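Only one structure is covered here, and it is reproduced in the block below.
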Amino acid sequence: MDWQIVWESVPLIWKGASTTVSLFAWALLIGTVGALALALMRLASFKPFVWFAVFFGWLFRGIPLLILLFYAFFALPEAGWVLSPFWAAVLAFSLWTAAYQAEVIRSGISAVEPGQWEASEALGMSRLHYMRRIIIPQGIRIMVPPYTSNAMTLLKQTSLATLVTVPEMTLLTQRIFSNNFKFIEPIFALAMIYLAMTTLLLIGQALAERAFRLRV
Amino acid sequence: MELDWSVVLRSWDLLWAGTRITLLLFGLSLVLATVLGLALALMRLSRFWLLRWFSIGYVWLFRGIPVLVTLFFAFFVLGRRFGLTPVQAGILGLGFDAAAYKAEIIRAGIMSVDPGQYEASEALAMTRRHYMFRIIIPQSIRVIVPTYMSNTILVLKATSVAVAIGIVELTGITRQLSNSTTQPIELFTAAALVYLALTTVLVVLQGVLERQFALKT
């Protein structure tokens, strides 16, 4: 084992890690907003909204994320919409996140006890009002574990952006080992950094679960 | 912008060859993941702490690392050490990654079986191995099927990542064709439809299996 090569590359790996984190953060932010909209459409009484949400979920959960990335990177420019590799990747990751997190949000909302809906209506609250003040706050507790698990998957999937030339952590680490033909050490270091990042998310999940737990 | 779909028909032989490699990767990595996942689930439920901790460590490790990095490990480290072909390394990498998820799914299914079944088996003086394989696991299958199948759809889609270690499966062949024909929209749409068809088959299969294993009362 020769760790010299990894130590020398710390600044490079650090740069890659920060790109990985910003890819993750942008996609999670945009994807979650999209997911909330899709979940509310799915629960709407206006049928075309429901169909759209169902179709969106079927489409973006049925196609491999890598195909979405290649679409954004190779096919969109052909259609006259040129994005930088970074934003093409954010677009693909956001669509993927929206499709998966919409299911999490929808099932969280549906899991809230029906009595809460009835009580809100009996008190004469408007639908918008009780969704925002009564139902969603109670649904969040149910959503935390599956939401975090999808977020972990997203974080790991950002590694695929290496295939559309986004200079994130995996791409820069690949550059180290393809220059030196030393594979074990850089791949091991890369794995450990991802493991640390996903473990941080798991700790975040435990903290969120404690923050949202029932106080009786 | 003019779309010319005839390129899909002209490249169909190559796309089909890629699809066959995708199915090969999918089938063999699914078998590896299921066998390894069952072993890990039984280890996790074992009385020996060493087996339990190995299983916990394995699941934490492989769920925390991107499948791409696992594939790099299989290809650049294992592949060079043991002289594996890219497809063999791909099957190992995809299988090791998926096994962590299968283990959790199988463990949750086994744990959902009513404790009364264990007690009754022991009261009938069955050995642990005997009642695990004859009483507990058969009953857990009903609970395992839905989550197992939705994870299997993820395994199918994950095979596309194998393009990164030079395997020319469906995604790989599509990328090559799109570079040589400069018609990425038509070709990637065709690939997406093939994947959608395959995942839709799995969704239908899930429904059939759920009905097959439903409780008959």
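Quick note on naming: the chains in the structure tokens go A, B, ... in the order shown, residues restart at 1 in each chain, and ligands are numbered from 1 in order of appearance.
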Proximity of chain A to chain B: per-residue shortest pair, 8 Å limit, only C-alpha atoms, as CSV:
```
residue,atom,partner,partner_atom,distance
A:Leu59,CA,B:Leu196,CA,7.5
A:Gly62,CA,B:Leu196,CA,5.1
A:Ile63,CA,B:Ala192,CA,5.7
A:Pro64,CA,B:Lys157,CA,4.8
A:Leu65,CA,B:Lys157,CA,7.7
A:Leu66,CA,B:Ser160,CA,6.7
A:Ile67,CA,B:Ala192,CA,6.8
A:Phe70,CA,B:Phe188,CA,7.7
A:Tyr71,CA,B:Phe188,CA,6.5
A:Phe74,CA,B:Pro184,CA,6.1
A:Ala75,CA,B:Ile185,CA,4.8
A:Leu76,CA,B:Ile185,CA,7.7
A:Glu78,CA,B:Ile185,CA,7.3
A:Ala79,CA,B:Met1,CA,6.7
A:Met152,CA,B:Gly64,CA,7.8
A:Lys156,CA,B:Pro66,CA,4.5
A:Gln157,CA,B:Pro66,CA,6.5
A:Ser159,CA,B:Leu68,CA,6.9
A:Leu160,CA,B:Leu68,CA,7.1
A:Leu163,CA,B:Ala164,CA,7.1
A:Thr170,CA,B:Val69,CA,7.9
A:Phe183,CA,B:Phe76,CA,6.3
A:Ile184,CA,B:Val77,CA,6.2
A:Ile187,CA,B:Phe73,CA,6.6
A:Leu190,CA,B:Val69,CA,7.6
A:Ala191,CA,B:Ile65,CA,5.8
A:Met192,CA,B:Ile65,CA,7.9
A:Tyr194,CA,B:Ile65,CA,5.7
A:Leu195,CA,B:Gly64,CA,4.7
A:Ala196,CA,B:Gly64,CA,8.0
A:Thr198,CA,B:Gly64,CA,5.5
A:Thr199,CA,B:Gly64,CA,7.0
```
May I have the residues within 8 Å of A:Leu172 as a ChimeraX atom specification, using only C-alpha atoms and disregarding those fewer than 5 positions away in the same chain? /A:12-13,16,167
I need the chosen residues saved as a PDB file, in the first residue's frame, with N, CA and C atoms.
```pdb
ATOM      1  N   LEU A  12      -7.175  18.105  -4.568  1.00  0.00           N
ATOM      2  CA  LEU A  12      -8.001  17.725  -5.715  1.00  0.00           C
ATOM      3  C   LEU A  12      -9.281  17.030  -5.254  1.00  0.00           C
ATOM      4  N   ILE A  13      -9.118  16.080  -4.304  1.00  0.00           N
ATOM      5  CA  ILE A  13     -10.281  15.345  -3.810  1.00  0.00           C
ATOM      6  C   ILE A  13     -11.235  16.312  -3.098  1.00  0.00           C
ATOM      7  N   GLY A  16     -13.263  18.101  -5.581  1.00  0.00           N
ATOM      8  CA  GLY A  16     -14.297  17.196  -6.089  1.00  0.00           C
ATOM      9  C   GLY A  16     -15.411  17.012  -5.088  1.00  0.00           C
ATOM     10  N   PRO A 167     -16.841  17.610 -13.009  1.00  0.00           N
ATOM     11  CA  PRO A 167     -15.630  17.317 -12.221  1.00  0.00           C
ATOM     12  C   PRO A 167     -15.936  17.127 -10.738  1.00  0.00           C
TER      13      PRO A 167
END
```
For stretch 106-109 of chain B, list every protein, DNA or RNA residue within 10 Å, evaluated using only C-alpha atoms, and leave out those in the same chain fewer than 4 positions away; present the list as a PyMOL selection string. chain B and resi 34+37-45+101-102+113+136-137+139-145+147-148
Would you write out those residues with C-alpha atoms, as a tab-separated table (two decimals), in the first residue's frame?
```tsv
chain	number	residue	atom	x	y	z
B	34	THR	CA	-30.32	-12.99	-3.52
B	37	GLY	CA	-28.59	-11.46	0.81
B	38	LEU	CA	-30.25	-14.55	2.29
B	39	ALA	CA	-26.95	-15.61	3.86
B	40	LEU	CA	-26.43	-12.12	5.32
B	41	ALA	CA	-30.00	-12.02	6.66
B	42	LEU	CA	-29.56	-15.41	8.40
B	43	MET	CA	-26.19	-14.25	9.77
B	44	ARG	CA	-27.84	-11.13	11.15
B	45	LEU	CA	-30.38	-13.33	12.99
B	101	TYR	CA	-30.43	-4.27	0.18
B	102	LYS	CA	-31.69	-7.84	-0.32
B	113	VAL	CA	-43.42	-13.79	11.01
B	136	ILE	CA	-40.56	-19.45	8.96
B	137	ILE	CA	-39.02	-18.61	5.56
B	139	GLN	CA	-44.31	-17.66	5.53
B	140	SER	CA	-42.01	-14.65	5.21
B	141	ILE	CA	-42.04	-14.81	1.39
B	142	ARG	CA	-45.45	-13.13	1.24
B	143	VAL	CA	-44.06	-10.10	3.10
B	144	ILE	CA	-40.78	-10.13	1.15
B	145	VAL	CA	-42.23	-10.21	-2.40
B	147	THR	CA	-40.16	-4.93	-1.43
B	148	TYR	CA	-37.97	-7.56	-3.10
```
Interatomic distance (Å, one decimal) between atom CA of A:Pro146 and atom CA of A:Val33: 16.4 Å
For A:Gln138, list every protein, DNA or RNA residue within 12 Å, evaluated using only C-alpha atoms, and leave out those in the same chain fewer than 5 positions away; present the list as a list in words. Ile105, Gly108, Ile109, Ser110, Ala111, Val112, Glu113, Pro114, Gln116, Trp117, Tyr130, Met131, Arg132, Arg133, Met143, Val144, Phe212, Arg213 and Leu214 of chain A
What lies within 7 Å of A:Thr173 using only C-alpha atoms, ignoring chain neighbours under 4 positions off, as number ranges by chain? A: 13, 169, 177, 186
Write a file of the just-selected residues containing N, CA and C atoms, as a PDB file, in the first residue's frame.
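Contents of the output file result01.pdb:
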```pdb
ATOM      1  N   ILE A  13      -9.118  16.080  -4.304  1.00  0.00           N
ATOM      2  CA  ILE A  13     -10.281  15.345  -3.810  1.00  0.00           C
ATOM      3  C   ILE A  13     -11.235  16.312  -3.098  1.00  0.00           C
ATOM      4  N   MET A 169     -16.263  14.352  -7.256  1.00  0.00           N
ATOM      5  CA  MET A 169     -15.253  13.568  -6.546  1.00  0.00           C
ATOM      6  C   MET A 169     -14.820  12.306  -7.290  1.00  0.00           C
ATOM      7  N   PHE A 177      -6.149   7.801 -10.389  1.00  0.00           N
ATOM      8  CA  PHE A 177      -5.676   6.437 -10.634  1.00  0.00           C
ATOM      9  C   PHE A 177      -5.389   6.141 -12.087  1.00  0.00           C
ATOM     10  N   PRO A 186      -6.604   5.019  -4.039  1.00  0.00           N
ATOM     11  CA  PRO A 186      -7.601   6.062  -4.345  1.00  0.00           C
ATOM     12  C   PRO A 186      -9.040   5.552  -4.271  1.00  0.00           C
TER      13      PRO A 186
END
```
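Each of A:Phe86, A:Tyr147, A:Phe73, A:Trp81 was checked against A:Gln101 using only C-alpha atoms; the smallest atom-to-atom distance is that of A:Tyr147.
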Which residues are close to stretch 205-211 of chain A, i.e. within 7 Å by only C-alpha atoms, leaving aside same-chain residues fewer than 5 positions away? Reply as a PDB file with N, CA and C atoms, in the first residue's frame.
```
ATOM      1  N   ARG A 141     -43.342  13.556  10.183  1.00  0.00           N
ATOM      2  CA  ARG A 141     -42.756  12.547  11.069  1.00  0.00           C
ATOM      3  C   ARG A 141     -42.640  11.197  10.352  1.00  0.00           C
ATOM      4  N   VAL A 144     -39.735  11.262   7.374  1.00  0.00           N
ATOM      5  CA  VAL A 144     -38.295  11.419   7.610  1.00  0.00           C
ATOM      6  C   VAL A 144     -37.461  10.195   7.190  1.00  0.00           C
ATOM      7  N   PRO A 145     -37.784   8.963   7.655  1.00  0.00           N
ATOM      8  CA  PRO A 145     -36.885   7.851   7.282  1.00  0.00           C
ATOM      9  C   PRO A 145     -36.818   7.576   5.771  1.00  0.00           C
ATOM     10  N   THR A 148     -34.889  10.414   3.943  1.00  0.00           N
ATOM     11  CA  THR A 148     -33.439  10.364   4.122  1.00  0.00           C
ATOM     12  C   THR A 148     -32.834   9.242   3.307  1.00  0.00           C
TER      13      THR A 148
END
```
